[in-house]
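Student: my_file.cif (mmCIF, C-alpha atoms and all ligand atoms) pasted underneath:
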```cif
data_my_file
#
loop_
_atom_site.label_atom_id
_atom_site.label_comp_id
_atom_site.auth_asym_id
_atom_site.auth_seq_id
_atom_site.Cartn_x
_atom_site.Cartn_y
_atom_site.Cartn_z
CA MET Q 1 115.35 93.38 104.10
CA ALA Q 2 111.79 92.28 104.64
CA VAL Q 3 109.92 94.59 102.21
CA TYR Q 4 107.68 92.34 100.09
CA HIS Q 5 105.14 94.81 98.73
CA MET Q 6 105.00 98.48 97.69
CA THR Q 7 102.24 100.79 96.57
CA TYR Q 8 102.36 104.34 95.22
CA SER Q 9 99.87 107.16 95.05
CA PRO Q 10 100.80 109.56 92.22
CA GLU Q 11 98.44 112.33 93.45
CA MET Q 12 99.90 112.25 96.96
CA GLU Q 13 103.43 111.29 95.84
CA GLU Q 14 103.24 108.76 98.66
CA VAL Q 15 104.82 105.32 98.91
CA CYS Q 16 103.78 102.54 101.29
CA LEU Q 17 106.43 99.93 102.08
CA TYR Q 18 105.06 96.68 103.53
CA PHE Q 19 107.41 94.69 105.77
CA ASP Q 20 107.37 91.08 106.86
CA ALA Q 21 109.80 91.29 109.78
CA PRO Q 22 109.61 88.99 112.85
CA CYS Q 23 106.92 90.73 114.88
CA PRO Q 24 107.25 90.03 118.62
CA LEU Q 25 103.45 89.98 119.03
CA ARG Q 26 100.93 87.45 117.75
CA CYS Q 27 97.76 89.49 117.45
CA TRP Q 28 94.47 87.78 116.86
CA GLY Q 29 93.42 88.50 113.28
CA CYS Q 30 96.71 90.19 112.33
CA ILE Q 31 95.83 92.03 109.13
CA THR Q 32 99.21 91.22 107.56
CA ASP Q 33 98.50 87.50 107.87
CA PHE Q 34 95.08 87.70 106.26
CA ARG Q 35 95.48 90.69 103.89
CA PRO Q 36 99.17 91.03 103.08
CA LEU Q 37 98.59 93.48 100.19
CA ASP Q 38 97.48 97.12 100.45
CA CYS Q 39 93.74 96.89 101.14
CA HIS Q 40 93.10 99.91 98.86
CA LEU Q 41 94.11 97.94 95.75
CA GLU Q 42 91.41 96.59 93.48
CA GLU Q 43 93.44 93.42 92.80
CA VAL Q 44 93.63 90.51 95.19
CA GLY Q 45 97.13 89.38 94.31
CA VAL Q 46 99.81 87.42 96.07
CA PRO Q 47 102.80 88.90 97.89
CA ASN Q 48 106.21 89.01 96.22
CA PRO Q 49 109.43 87.66 97.74
CA PRO Q 50 111.25 90.21 99.95
CA LEU Q 51 113.54 92.62 98.10
CA ALA Q 52 117.24 93.06 98.78
CA LEU Q 53 118.02 96.57 100.05
CA ASP Q 54 119.79 97.64 96.85
CA GLU Q 55 116.90 96.34 94.71
CA LEU Q 56 114.44 98.31 96.84
CA LEU Q 57 116.50 101.51 96.69
CA GLY Q 58 116.83 101.04 92.91
CA ILE Q 59 113.03 101.07 92.53
CA LEU Q 60 112.59 104.01 94.91
CA GLU Q 61 115.22 106.11 93.09
CA GLY Q 62 113.00 106.31 90.03
CA ILE Q 63 109.91 107.69 91.82
CA LYS Q 64 108.96 111.17 93.04
CA ILE Q 65 108.19 110.69 96.75
CA ARG Q 66 107.02 113.32 99.22
CA ARG Q 67 105.93 110.95 101.98
CA VAL Q 68 106.71 107.33 102.80
CA LEU Q 69 104.89 104.99 105.18
CA PHE Q 70 106.60 101.98 106.77
CA LEU Q 71 103.99 99.42 107.72
CA GLY Q 72 103.05 95.74 107.66
CA LYS Q 73 104.56 93.19 110.00
CA GLU Q 74 106.61 95.19 112.29
CA PRO Q 75 108.97 97.55 110.42
CA SER Q 76 110.65 98.70 113.66
CA VAL Q 77 112.37 95.32 114.12
CA ASP Q 78 113.80 95.21 110.58
CA PRO Q 79 117.56 95.91 110.81
CA HIS Q 80 117.49 97.74 107.45
CA LEU Q 81 114.97 100.35 108.54
CA LEU Q 82 117.70 102.77 109.65
CA ALA Q 83 119.38 102.59 106.22
CA LEU Q 84 116.02 103.36 104.63
CA LEU Q 85 115.51 106.32 106.96
CA ASP Q 86 118.93 107.68 105.95
CA PHE Q 87 118.00 107.25 102.28
CA PHE Q 88 114.76 109.21 102.71
CA LYS Q 89 116.31 111.84 104.97
CA ALA Q 90 118.82 112.65 102.22
CA LYS Q 91 115.84 113.20 99.91
CA LYS Q 92 113.92 115.29 102.49
CA THR Q 93 111.02 112.83 102.31
CA HIS Q 94 108.54 112.86 105.21
CA THR Q 95 108.76 109.46 106.95
CA VAL Q 96 105.89 107.79 108.82
CA LEU Q 97 106.30 104.66 110.95
CA ILE Q 98 103.21 102.57 111.67
CA THR Q 99 104.29 100.46 114.63
CA ASN Q 100 103.27 98.36 117.59
CA GLY Q 101 105.78 100.34 119.69
CA TRP Q 102 108.01 97.40 120.48
CA GLU Q 103 111.11 99.44 119.57
CA VAL Q 104 111.80 103.17 119.68
CA ILE Q 105 113.18 104.32 116.35
CA GLY Q 106 114.97 107.66 116.07
CA GLY Q 107 115.17 109.76 112.92
CA VAL Q 108 111.57 109.25 111.83
CA ASP Q 109 109.28 112.27 111.30
CA GLU Q 110 105.96 110.80 112.36
CA VAL Q 111 104.89 107.74 114.37
CA CYS Q 112 101.49 106.08 114.59
CA LEU Q 113 101.70 103.71 117.56
CA SER Q 114 99.11 101.00 117.97
CA ILE Q 115 98.11 100.50 121.60
CA LYS Q 116 96.49 97.08 121.50
CA ALA Q 117 95.20 96.97 125.07
CA LEU Q 118 95.96 98.39 128.48
CA THR Q 119 94.51 95.73 130.75
CA PRO Q 120 97.10 92.91 131.04
CA HIS Q 121 94.71 89.97 130.54
CA LEU Q 122 93.19 91.63 127.46
CA PHE Q 123 96.63 92.43 126.10
CA LYS Q 124 97.59 88.77 126.56
CA ALA Q 125 94.37 87.47 125.00
CA TYR Q 126 94.75 89.80 122.00
CA THR Q 127 98.51 89.73 121.33
CA GLY Q 128 99.90 86.72 123.21
CA GLY Q 129 102.29 89.14 124.99
CA SER Q 130 102.61 89.12 128.76
CA ASP Q 131 101.89 92.80 129.43
CA PRO Q 132 101.83 96.11 127.58
CA SER Q 133 104.24 98.04 129.82
CA ARG Q 134 107.17 98.06 127.34
CA ILE Q 135 104.93 99.54 124.65
CA LEU Q 136 103.39 102.10 126.99
CA GLU Q 137 106.85 103.23 128.15
CA ASN Q 138 107.98 103.53 124.53
CA PHE Q 139 104.88 105.61 123.80
CA LYS Q 140 105.97 108.02 126.54
CA ILE Q 141 109.49 108.16 125.08
CA TYR Q 142 108.10 109.06 121.64
CA ALA Q 143 105.83 111.67 123.23
CA LYS Q 144 108.85 113.37 124.84
CA SER Q 145 110.76 113.38 121.54
CA ARG Q 146 110.30 115.76 118.59
CA VAL Q 147 108.43 113.17 116.55
CA LYS Q 148 104.84 113.89 115.47
CA LEU Q 149 103.01 111.21 117.46
CA ARG Q 150 99.55 109.72 117.08
CA ALA Q 151 97.95 106.59 118.47
CA GLU Q 152 95.47 104.02 117.24
CA SER Q 153 93.64 100.99 118.62
CA VAL Q 154 91.38 98.35 117.12
CA LEU Q 155 87.85 97.96 118.44
CA ILE Q 156 87.01 94.23 118.55
CA PRO Q 157 83.58 93.49 120.03
CA GLY Q 158 83.96 90.81 122.70
CA LEU Q 159 87.70 91.37 123.11
CA ILE Q 160 88.65 95.06 122.94
CA ASN Q 161 85.37 96.72 123.87
CA PRO Q 162 84.59 100.46 124.11
CA GLU Q 163 85.43 100.38 127.85
CA GLU Q 164 89.00 99.25 127.07
CA ILE Q 165 89.25 101.93 124.38
CA SER Q 166 88.25 104.44 127.07
CA ARG Q 167 91.03 103.15 129.38
CA ILE Q 168 93.56 103.52 126.55
CA ALA Q 169 92.34 107.06 125.87
CA HIS Q 170 92.71 107.85 129.57
CA PHE Q 171 96.30 106.58 129.48
CA ILE Q 172 97.07 108.72 126.39
CA SER Q 173 95.55 111.79 128.04
CA GLY Q 174 97.96 111.30 130.97
CA VAL Q 175 100.82 111.56 128.47
CA ASN Q 176 99.31 114.41 126.43
CA PRO Q 177 95.58 114.97 125.79
CA GLY Q 178 96.42 116.63 122.47
CA ILE Q 179 97.78 113.42 120.88
CA PRO Q 180 95.42 112.39 118.06
CA TYR Q 181 93.77 108.97 118.59
CA ARG Q 182 92.09 106.84 115.93
CA ILE Q 183 89.81 103.90 116.64
CA ASP Q 184 89.90 101.32 113.84
CA ALA Q 185 87.16 98.81 113.14
CA TYR Q 186 88.33 95.21 113.44
CA ILE Q 187 88.28 93.28 110.14
CA PRO Q 188 87.35 89.62 110.75
CA HIS Q 189 88.89 86.79 108.76
CA PRO Q 190 87.15 83.64 107.47
CA GLY Q 191 86.06 81.47 110.41
CA ASP Q 192 86.78 84.24 112.93
CA ILE Q 193 85.22 84.10 116.39
CA TYR Q 194 85.13 87.92 116.51
CA ARG Q 195 83.10 90.24 114.30
CA ALA Q 196 83.50 93.75 112.97
CA PRO Q 197 82.04 96.48 115.20
CA THR Q 198 78.92 98.30 114.09
CA HIS Q 199 79.01 102.01 113.34
CA GLY Q 200 77.08 102.50 116.60
CA GLU Q 201 79.76 100.65 118.59
CA LEU Q 202 82.47 102.71 116.93
CA ARG Q 203 80.62 105.93 117.76
CA MET Q 204 80.17 104.78 121.37
CA ALA Q 205 83.91 104.07 121.68
CA LYS Q 206 84.64 107.49 120.18
CA ARG Q 207 82.30 109.17 122.68
CA LEU Q 208 84.06 107.48 125.60
CA ALA Q 209 87.52 108.33 124.26
CA LYS Q 210 86.47 111.97 123.71
CA ARG Q 211 86.00 112.31 127.46
CA HIS Q 212 89.78 112.12 127.75
CA LEU Q 213 91.22 113.34 124.46
CA LYS Q 214 90.80 116.36 122.20
CA LYS Q 215 91.16 114.63 118.82
CA VAL Q 216 89.49 111.25 118.30
CA SER Q 217 88.53 109.74 114.94
CA ILE Q 218 87.15 106.42 113.78
CA LEU Q 219 88.06 104.34 110.76
CA HIS Q 220 85.79 101.73 109.23
CA SER Q 221 86.87 99.48 106.35
CA SER Q 222 84.04 100.93 104.22
CA VAL Q 223 85.90 104.26 104.11
CA LYS Q 224 87.67 104.51 100.75
CA ARG Q 225 90.75 106.53 99.94
CA LEU Q 226 90.07 109.51 97.69
CA TRP Q 227 93.24 109.05 95.67
CA ASN Q 228 94.61 106.34 93.39
CA VAL Q 229 96.87 103.61 94.72
CA GLU Q 230 99.05 101.56 92.34
CA ARG Q 231 101.03 98.45 93.08
CA ILE Q 232 104.69 99.01 92.22
CA TYR Q 233 105.99 95.74 93.70
S1 LIG L 301 101.65 93.94 116.10
FE1 LIG L 301 100.82 94.25 114.04
S2 LIG L 301 102.09 92.96 112.73
FE2 LIG L 301 102.44 92.27 114.82
S3 LIG L 301 101.00 90.58 115.09
FE3 LIG L 301 100.04 92.47 115.83
S4 LIG L 301 98.84 93.23 114.08
FE4 LIG L 301 100.32 91.74 113.29
#
```
When written as structure tokens, how does the structure in this file appear?
Tutor:
Amino acid sequence: MAVYHMTYSPEMEEVCLYFDAPCPLRCWGCITDFRPLDCHLEEVGVPNPPLALDELLGILEGIKIRRVLFLGKEPSVDPHLLALLDFFKAKKTHTVLITNGWEVIGGVDEVCLSIKALTPHLFKAYTGGSDPSRILENFKIYAKSRVKLRAESVLIPGLINPEEISRIAHFISGVNPGIPYRIDAYIPHPGDIYRAPTHGELRMAKRLAKRHLKKVSILHSSVKRLWNVERIY
């Protein structure tokens, strides 16, 4: 079990489980490498060692949970994810998988799939992977399933520009133009060669994506959550 960090929001009765599983991609500026803890916490602490499955379930048993998010370094490749899904299904908890789409996971209620790039050389430059076709096919499989599907991409000026965001939006619209799409602002790390996008660049990317999709939103790191988040591991 690769869960090394957990946060809880009492108002939302929501738990976030952060994984450190062997992600098949090597994204430039991977947030889990540079900010392994929930970015909504005030503290800048250090990650804990991964929990054994029974230790994790023991902690979760004592908490009222309406919704759980699986995120971090790729939850879909953790072999214990299915056991966790069974645990939450028995409790009728809404499950949300934040994923790069490398694997298709059944039994989850909601999936947010990150489409890193569509153009092969950009996908390679960003993730180190050879091409995005596996992920795009998996996106189509999720779209045909009963799961509630949404998509997100990261806008990185100089690497993933608004034009690439527009291509991704065009691809999503070919699957279903009603799928919600969020454009996240890249968060640079110390010594980074890329910078965060401006609000104007984010709005431009949103405008281009809106030509293809009905629901497009943008997320900048300055946007704060409106509810409390506590570290529980
Ligand atoms: S897919 Fe996600 S976890 Fe994997 S390297 Fe990229 S940003 Fe990091």
Student: Report, in Å to a single decimal, how far apart CA of Gly106 in chain Q and CA of Ser145 in chain Q are.
Tutor: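 Those two atoms sit 9.0 Å apart.
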Student: Which chains and residue numbers are within 9 Å of ligand LIG 301 (chain L), counting only C-alpha atoms and all ligand atoms, if I want them as a VMD selection string?
Tutor: chain Q and resid 19 to 33 71 to 75 98 to 102 114 116 126 to 127
Student: Please give the centre and size of the box around range 87-92 of chain Q (axis-aligned, containing every atom listed in the file, 5 Å added per side), with values in Å to one decimal and written as AutoDock Vina command-line options.
Tutor:
```
--center_x 116.4 --center_y 111.3 --center_z 102.4 --size_x 14.9 --size_y 18.0 --size_z 15.1
```
Student: Work out how far CA of Ala185 in chain Q is from CA of Pro197 in chain Q, in Å to one decimal.
Tutor: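 Going from CA of Pro197 in chain Q over to CA of Ala185 in chain Q, I get 6.0 Å.
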Student: So what do you get for CA of Lys124 in chain Q versus CA of Tyr186 in chain Q, distance-wise?
Tutor: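 Interatomic distance here is 17.3 Å.
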Student: Quick one: everything within 9 Å of range 44-61 of chain Q, counting only C-alpha atoms, minus sequence neighbours fewer than 4 positions away in the same chain. Send it as a PyMOL selection string.
Tutor: chain Q and resi 1-5+15+19-20+35-37+39+65+80+83-84+87+232-233
Student: Write out as JSON, numbers by chain each polymer residue whose atoms come within 9 Å of Glu152 in chain Q, counting all atoms listed in the file; drop sequence neighbours fewer than 5 positions from it.
Tutor: {"Q": [112, 113, 114, 115, 116, 180, 181, 182, 183, 184]}
Student: At a cut-off of 12 Å, using only C-alpha atoms, what residues contact Ile141 in chain Q? Leave out same-chain residues fewer than 4 positions from it and give the result as number ranges by chain.
Tutor: Q: 101-106, 111, 113, 134-137, 145-147, 149, 175
